[in-house]
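Okay, my_file.tsv is below, TSV, C-alpha atoms:
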```tsv
chain	number	residue	atom	x	y	z
A	209	MET	CA	-13.75	23.60	-46.58
A	210	SER	CA	-11.90	21.56	-49.17
A	211	GLN	CA	-13.57	19.87	-52.12
A	212	ILE	CA	-14.67	16.27	-51.47
A	213	ASN	CA	-14.48	13.93	-54.44
A	214	ILE	CA	-16.90	11.01	-54.37
A	215	ASN	CA	-15.78	8.31	-56.80
A	216	PRO	CA	-17.38	5.10	-58.05
A	217	SER	CA	-15.71	2.14	-56.31
A	218	THR	CA	-13.95	-0.67	-58.08
A	219	SER	CA	-14.38	-4.18	-56.70
A	220	GLU	CA	-10.97	-3.73	-55.01
A	221	ASP	CA	-12.11	-0.44	-53.44
A	222	SER	CA	-15.29	-2.10	-52.19
A	223	GLU	CA	-13.30	-4.97	-50.69
A	224	TYR	CA	-11.02	-2.49	-48.90
A	225	VAL	CA	-14.01	-0.69	-47.36
A	226	ARG	CA	-15.52	-4.04	-46.33
A	227	GLU	CA	-12.24	-5.14	-44.73
A	228	GLN	CA	-11.99	-1.86	-42.79
A	229	LEU	CA	-15.47	-2.35	-41.34
A	230	ILE	CA	-14.68	-5.98	-40.52
A	231	ALA	CA	-11.55	-4.88	-38.63
A	232	PHE	CA	-13.53	-2.23	-36.73
A	233	ASN	CA	-16.29	-4.72	-35.84
A	234	ALA	CA	-13.79	-7.37	-34.76
A	235	ALA	CA	-12.42	-4.98	-32.13
A	236	HIS	CA	-15.90	-4.83	-30.56
A	237	VAL	CA	-16.78	-8.54	-30.64
A	238	SER	CA	-15.56	-11.19	-28.22
A	239	GLU	CA	-12.70	-13.42	-29.36
A	240	GLU	CA	-15.08	-16.37	-29.14
A	241	LEU	CA	-17.36	-14.86	-31.80
A	242	ARG	CA	-14.85	-12.92	-33.87
A	243	HIS	CA	-14.18	-15.65	-36.46
A	244	ARG	CA	-17.68	-17.09	-36.65
A	245	TYR	CA	-18.75	-16.46	-40.21
A	246	GLU	CA	-19.98	-19.16	-42.54
A	247	GLU	CA	-22.21	-19.21	-45.59
A	248	LEU	CA	-24.78	-22.02	-45.42
A	249	ASN	CA	-26.42	-22.56	-48.80
A	250	PHE	CA	-28.57	-25.54	-49.79
A	251	ASN	CA	-30.87	-26.54	-52.62
A	252	ILE	CA	-33.37	-29.18	-53.62
A	253	LYS	CA	-33.22	-30.67	-57.13
A	254	ASN	CA	-35.87	-32.55	-59.05
A	255	GLU	CA	-35.41	-35.89	-60.81
A	256	THR	CA	-33.68	-34.24	-63.78
A	257	GLY	CA	-31.20	-32.34	-61.63
A	258	GLU	CA	-32.90	-28.95	-61.96
A	259	ILE	CA	-32.86	-26.77	-58.83
A	260	VAL	CA	-36.46	-26.26	-57.68
A	261	ALA	CA	-35.80	-24.66	-54.28
A	262	GLY	CA	-32.89	-23.15	-52.40
A	263	VAL	CA	-31.80	-21.21	-49.37
A	264	LEU	CA	-28.84	-18.85	-49.02
A	265	SER	CA	-27.96	-18.03	-45.43
A	266	THR	CA	-25.10	-16.72	-43.36
A	267	LEU	CA	-24.00	-17.65	-39.85
A	268	CYS	CA	-22.50	-14.51	-38.38
A	269	TRP	CA	-21.29	-14.28	-34.79
A	270	ASN	CA	-24.20	-15.53	-32.66
A	271	TRP	CA	-27.00	-15.61	-35.22
A	272	LEU	CA	-27.96	-17.02	-38.58
A	273	GLU	CA	-29.45	-14.78	-41.26
A	274	VAL	CA	-31.57	-16.20	-44.06
A	275	ASP	CA	-30.74	-14.03	-47.06
A	276	ILE	CA	-32.83	-15.84	-49.68
A	277	LEU	CA	-35.36	-18.66	-49.51
A	278	TRP	CA	-36.83	-19.51	-52.90
A	279	VAL	CA	-39.13	-22.22	-54.20
A	280	ASN	CA	-40.05	-22.56	-57.89
A	281	SER	CA	-43.68	-21.45	-58.25
A	282	GLU	CA	-44.64	-24.81	-59.81
A	283	GLN	CA	-43.10	-26.69	-56.84
A	284	ARG	CA	-44.72	-24.76	-53.97
A	285	HIS	CA	-46.86	-26.42	-51.27
A	286	ARG	CA	-44.72	-29.57	-51.31
A	287	GLY	CA	-42.84	-28.71	-48.11
A	288	TYR	CA	-39.58	-27.70	-49.81
A	289	GLY	CA	-39.44	-24.25	-48.19
A	290	SER	CA	-40.19	-25.74	-44.77
A	291	GLN	CA	-37.52	-28.42	-45.20
A	292	LEU	CA	-34.89	-25.83	-46.16
A	293	LEU	CA	-35.85	-23.50	-43.31
A	294	LEU	CA	-35.79	-26.35	-40.78
A	295	GLU	CA	-32.35	-27.42	-42.01
A	296	VAL	CA	-30.78	-23.99	-41.50
A	297	GLU	CA	-32.49	-23.73	-38.09
A	298	ARG	CA	-31.08	-27.16	-37.16
A	299	ILE	CA	-27.58	-26.03	-38.10
A	300	ALA	CA	-28.04	-22.73	-36.26
A	301	ARG	CA	-28.96	-24.65	-33.09
A	302	GLU	CA	-26.07	-27.08	-33.61
A	303	LYS	CA	-23.70	-24.11	-33.81
A	304	SER	CA	-25.26	-22.43	-30.75
A	305	CYS	CA	-26.81	-19.48	-32.51
A	306	ASP	CA	-29.13	-17.39	-30.37
A	307	PHE	CA	-31.58	-16.54	-33.15
A	308	VAL	CA	-32.40	-16.62	-36.85
A	309	MET	CA	-33.41	-13.46	-38.67
A	310	LEU	CA	-34.77	-12.80	-42.15
A	311	ASN	CA	-36.79	-10.37	-44.19
A	312	THR	CA	-39.60	-10.78	-46.69
A	313	PHE	CA	-42.05	-8.64	-48.62
A	314	SER	CA	-45.84	-8.55	-48.33
A	315	TYR	CA	-46.14	-10.26	-51.73
A	316	GLN	CA	-43.76	-13.05	-50.68
A	317	ALA	CA	-44.19	-15.18	-47.57
A	318	PRO	CA	-44.82	-13.36	-44.26
A	319	GLU	CA	-47.50	-15.87	-43.22
A	320	PHE	CA	-45.17	-18.79	-44.00
A	321	TYR	CA	-42.59	-17.43	-41.55
A	322	LYS	CA	-45.19	-16.71	-38.86
A	323	LYS	CA	-46.37	-20.33	-39.22
A	324	HIS	CA	-42.78	-21.42	-38.53
A	325	GLY	CA	-42.55	-19.47	-35.27
A	326	TYR	CA	-40.96	-16.24	-36.51
A	327	GLN	CA	-41.91	-13.03	-34.73
A	328	LEU	CA	-42.39	-9.81	-36.65
A	329	ILE	CA	-39.79	-7.26	-35.48
A	330	THR	CA	-40.61	-4.31	-37.72
A	331	THR	CA	-42.35	-3.32	-40.90
A	332	ILE	CA	-41.33	-0.72	-43.46
A	333	GLU	CA	-44.36	0.47	-45.38
A	334	ASN	CA	-44.28	1.39	-49.05
A	335	ALA	CA	-41.08	-0.58	-49.69
A	336	PRO	CA	-41.29	-1.24	-52.57
A	337	THR	CA	-44.05	1.18	-53.54
A	338	GLY	CA	-47.43	-0.28	-52.70
A	339	HIS	CA	-46.03	-3.12	-50.56
A	340	SER	CA	-44.52	-3.72	-47.14
A	341	HIS	CA	-41.09	-5.02	-46.14
A	342	TYR	CA	-41.16	-7.25	-43.03
A	343	TYR	CA	-38.28	-8.20	-40.72
A	344	PHE	CA	-38.64	-11.38	-38.66
A	345	LYS	CA	-36.70	-13.05	-35.85
A	346	LYS	CA	-36.91	-16.50	-34.27
A	347	ASP	CA	-35.35	-16.96	-30.84
A	348	LEU	CA	-33.45	-20.24	-30.59
A	349	THR	CA	-32.26	-19.87	-26.99
A	350	LYS	CA	-35.47	-21.19	-25.43
A	351	ASP	CA	-34.69	-24.75	-26.51
A	352	LYS	CA	-30.94	-24.51	-27.11
A	353	THR	CA	-29.30	-27.88	-26.48
A	354	CYS	CA	-25.91	-27.79	-28.24
A	355	GLU	CA	-22.50	-26.55	-27.20
A	356	ILE	CA	-20.79	-23.69	-28.99
A	357	GLY	CA	-19.69	-24.81	-32.46
A	358	GLN	CA	-16.22	-24.53	-33.89
A	359	ASN	CA	-15.15	-21.07	-34.95
A	360	GLN	CA	-14.83	-20.69	-38.69
A	361	GLU	CA	-11.46	-19.54	-39.92
A	362	GLY	CA	-11.21	-17.07	-42.73
A	363	TYR	CA	-13.75	-14.31	-43.16
A	364	ASN	CA	-14.09	-12.28	-39.98
A	365	GLY	CA	-17.45	-10.93	-39.14
A	366	TYR	CA	-19.62	-8.45	-40.88
A	367	HIS	CA	-21.59	-9.24	-44.03
```

Would you mind writing the structure in this file as structure tokens?
Amino acid sequence: MSQININPSTSEDSEYVREQLIAFNAAHVSEELRHRYEELNFNIKNETGEIVAGVLSTLCWNWLEVDILWVNSEQRHRGYGSQLLLEVERIAREKSCDFVMLNTFSYQAPEFYKKHGYQLITTIENAPTGHSHYYFKKDLTKDKTCEIGQNQEGYNGYH
């Protein structure tokens, strides 16, 4: 067996690997979904223009994934997190997504997501040590009312 050399990747190397996986995935996804990829990021600012809450999410194929939902600890319990979550859900419905998925830790907001209709899919215990990592999903197809949104040109697929 020949020697295998594992090398640290440059940003260009990483982009090449990402593009190869995107091409592979695109061959297995319908043409209708193939170009559906869009980052949907929003924030709420206070009177002085400081960001006090934000959401980073990605529409990919037939779902929307919430990557980060953050509210400044001094600004919590004012409805900012709910408003941001409802906005990305509204857009997901508008663009005919089937579901929204996200993950959170036991010390973050699992009860918040349950309150908003998210169903626990799985839990990884002791991740990080002493805590749990939860994965949630909210089905949007039960009350889906919009037609399929426009395909996004550019980035194809996997994130």

Give me, as a PyMOL selection string, all polymer residues having an atom no more than 9 Å from segment 346-351 of chain A, counting all atoms listed in the file and skipping those fewer than 2 positions away in the same chain.
chain A and resi 297+300-301+304-310+324-328+344+353

Axis-aligned box for segment 217-220 of chain A, 6 Å per side, centre and edges in Å as AutoDock Vina command-line options:
```
--center_x -13.3 --center_y -1.0 --center_z -56.5 --size_x 16.7 --size_y 18.3 --size_z 15.1
```

List the spatial neighbours of segment 317-319 of chain A as a PDB file with C-alpha atoms, in the frame of the given file - criterion: any atom at most 12 Å away, only C-alpha atoms, same-chain residues fewer than 6 positions off excluded.
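Everything below was put into part.pdb:
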```
ATOM      1  CA  ILE A 276     -32.830 -15.840 -49.680  1.00  0.00           C
ATOM      2  CA  LEU A 277     -35.360 -18.660 -49.510  1.00  0.00           C
ATOM      3  CA  TRP A 278     -36.830 -19.510 -52.900  1.00  0.00           C
ATOM      4  CA  VAL A 279     -39.130 -22.220 -54.200  1.00  0.00           C
ATOM      5  CA  ARG A 284     -44.720 -24.760 -53.970  1.00  0.00           C
ATOM      6  CA  GLY A 289     -39.440 -24.250 -48.190  1.00  0.00           C
ATOM      7  CA  SER A 290     -40.190 -25.740 -44.770  1.00  0.00           C
ATOM      8  CA  LEU A 310     -34.770 -12.800 -42.150  1.00  0.00           C
ATOM      9  CA  ASN A 311     -36.790 -10.370 -44.190  1.00  0.00           C
ATOM     10  CA  GLY A 325     -42.550 -19.470 -35.270  1.00  0.00           C
ATOM     11  CA  TYR A 326     -40.960 -16.240 -36.510  1.00  0.00           C
ATOM     12  CA  GLN A 327     -41.910 -13.030 -34.730  1.00  0.00           C
ATOM     13  CA  LEU A 328     -42.390  -9.810 -36.650  1.00  0.00           C
ATOM     14  CA  ILE A 329     -39.790  -7.260 -35.480  1.00  0.00           C
ATOM     15  CA  THR A 330     -40.610  -4.310 -37.720  1.00  0.00           C
ATOM     16  CA  THR A 331     -42.350  -3.320 -40.900  1.00  0.00           C
ATOM     17  CA  SER A 340     -44.520  -3.720 -47.140  1.00  0.00           C
ATOM     18  CA  HIS A 341     -41.090  -5.020 -46.140  1.00  0.00           C
ATOM     19  CA  TYR A 342     -41.160  -7.250 -43.030  1.00  0.00           C
ATOM     20  CA  TYR A 343     -38.280  -8.200 -40.720  1.00  0.00           C
ATOM     21  CA  PHE A 344     -38.640 -11.380 -38.660  1.00  0.00           C
ATOM     22  CA  LYS A 345     -36.700 -13.050 -35.850  1.00  0.00           C
TER      23      LYS A 345
END
```

To one decimal place, how far is atom CA of Thr312 of chain A from atom CA of Ile299 of chain A in Å?
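Computing the Euclidean distance for atom CA of Thr312 of chain A and atom CA of Ile299 of chain A yields 21.2 Å.
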
Using atom CA of Leu272 of chain A and atom CA of Gln291 of chain A as the two end points, give the distance in Å to one decimal.
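Atom CA of Gln291 of chain A lies 16.3 Å from atom CA of Leu272 of chain A.
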
Find the spatial neighbours of Val260 of chain A, counting all atoms listed in the file, within a cut-off of 12 Å - ignore same-chain residues fewer than 5 positions away - and output them as a CSV table (one decimal) with C-alpha atoms, in the frame of the given file.
```csv
chain,number,residue,atom,x,y,z
A,250,PHE,CA,-28.6,-25.5,-49.8
A,251,ASN,CA,-30.9,-26.5,-52.6
A,252,ILE,CA,-33.4,-29.2,-53.6
A,253,LYS,CA,-33.2,-30.7,-57.1
A,254,ASN,CA,-35.9,-32.6,-59.0
A,255,GLU,CA,-35.4,-35.9,-60.8
A,277,LEU,CA,-35.4,-18.7,-49.5
A,278,TRP,CA,-36.8,-19.5,-52.9
A,279,VAL,CA,-39.1,-22.2,-54.2
A,280,ASN,CA,-40.0,-22.6,-57.9
A,281,SER,CA,-43.7,-21.4,-58.2
A,282,GLU,CA,-44.6,-24.8,-59.8
A,283,GLN,CA,-43.1,-26.7,-56.8
A,284,ARG,CA,-44.7,-24.8,-54.0
A,286,ARG,CA,-44.7,-29.6,-51.3
A,287,GLY,CA,-42.8,-28.7,-48.1
A,288,TYR,CA,-39.6,-27.7,-49.8
A,289,GLY,CA,-39.4,-24.2,-48.2
A,292,LEU,CA,-34.9,-25.8,-46.2
```

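Taking atom CA of Val263 of chain A and atom CA of Pro336 of chain A as endpoints, the distance between them is 22.3 Å.
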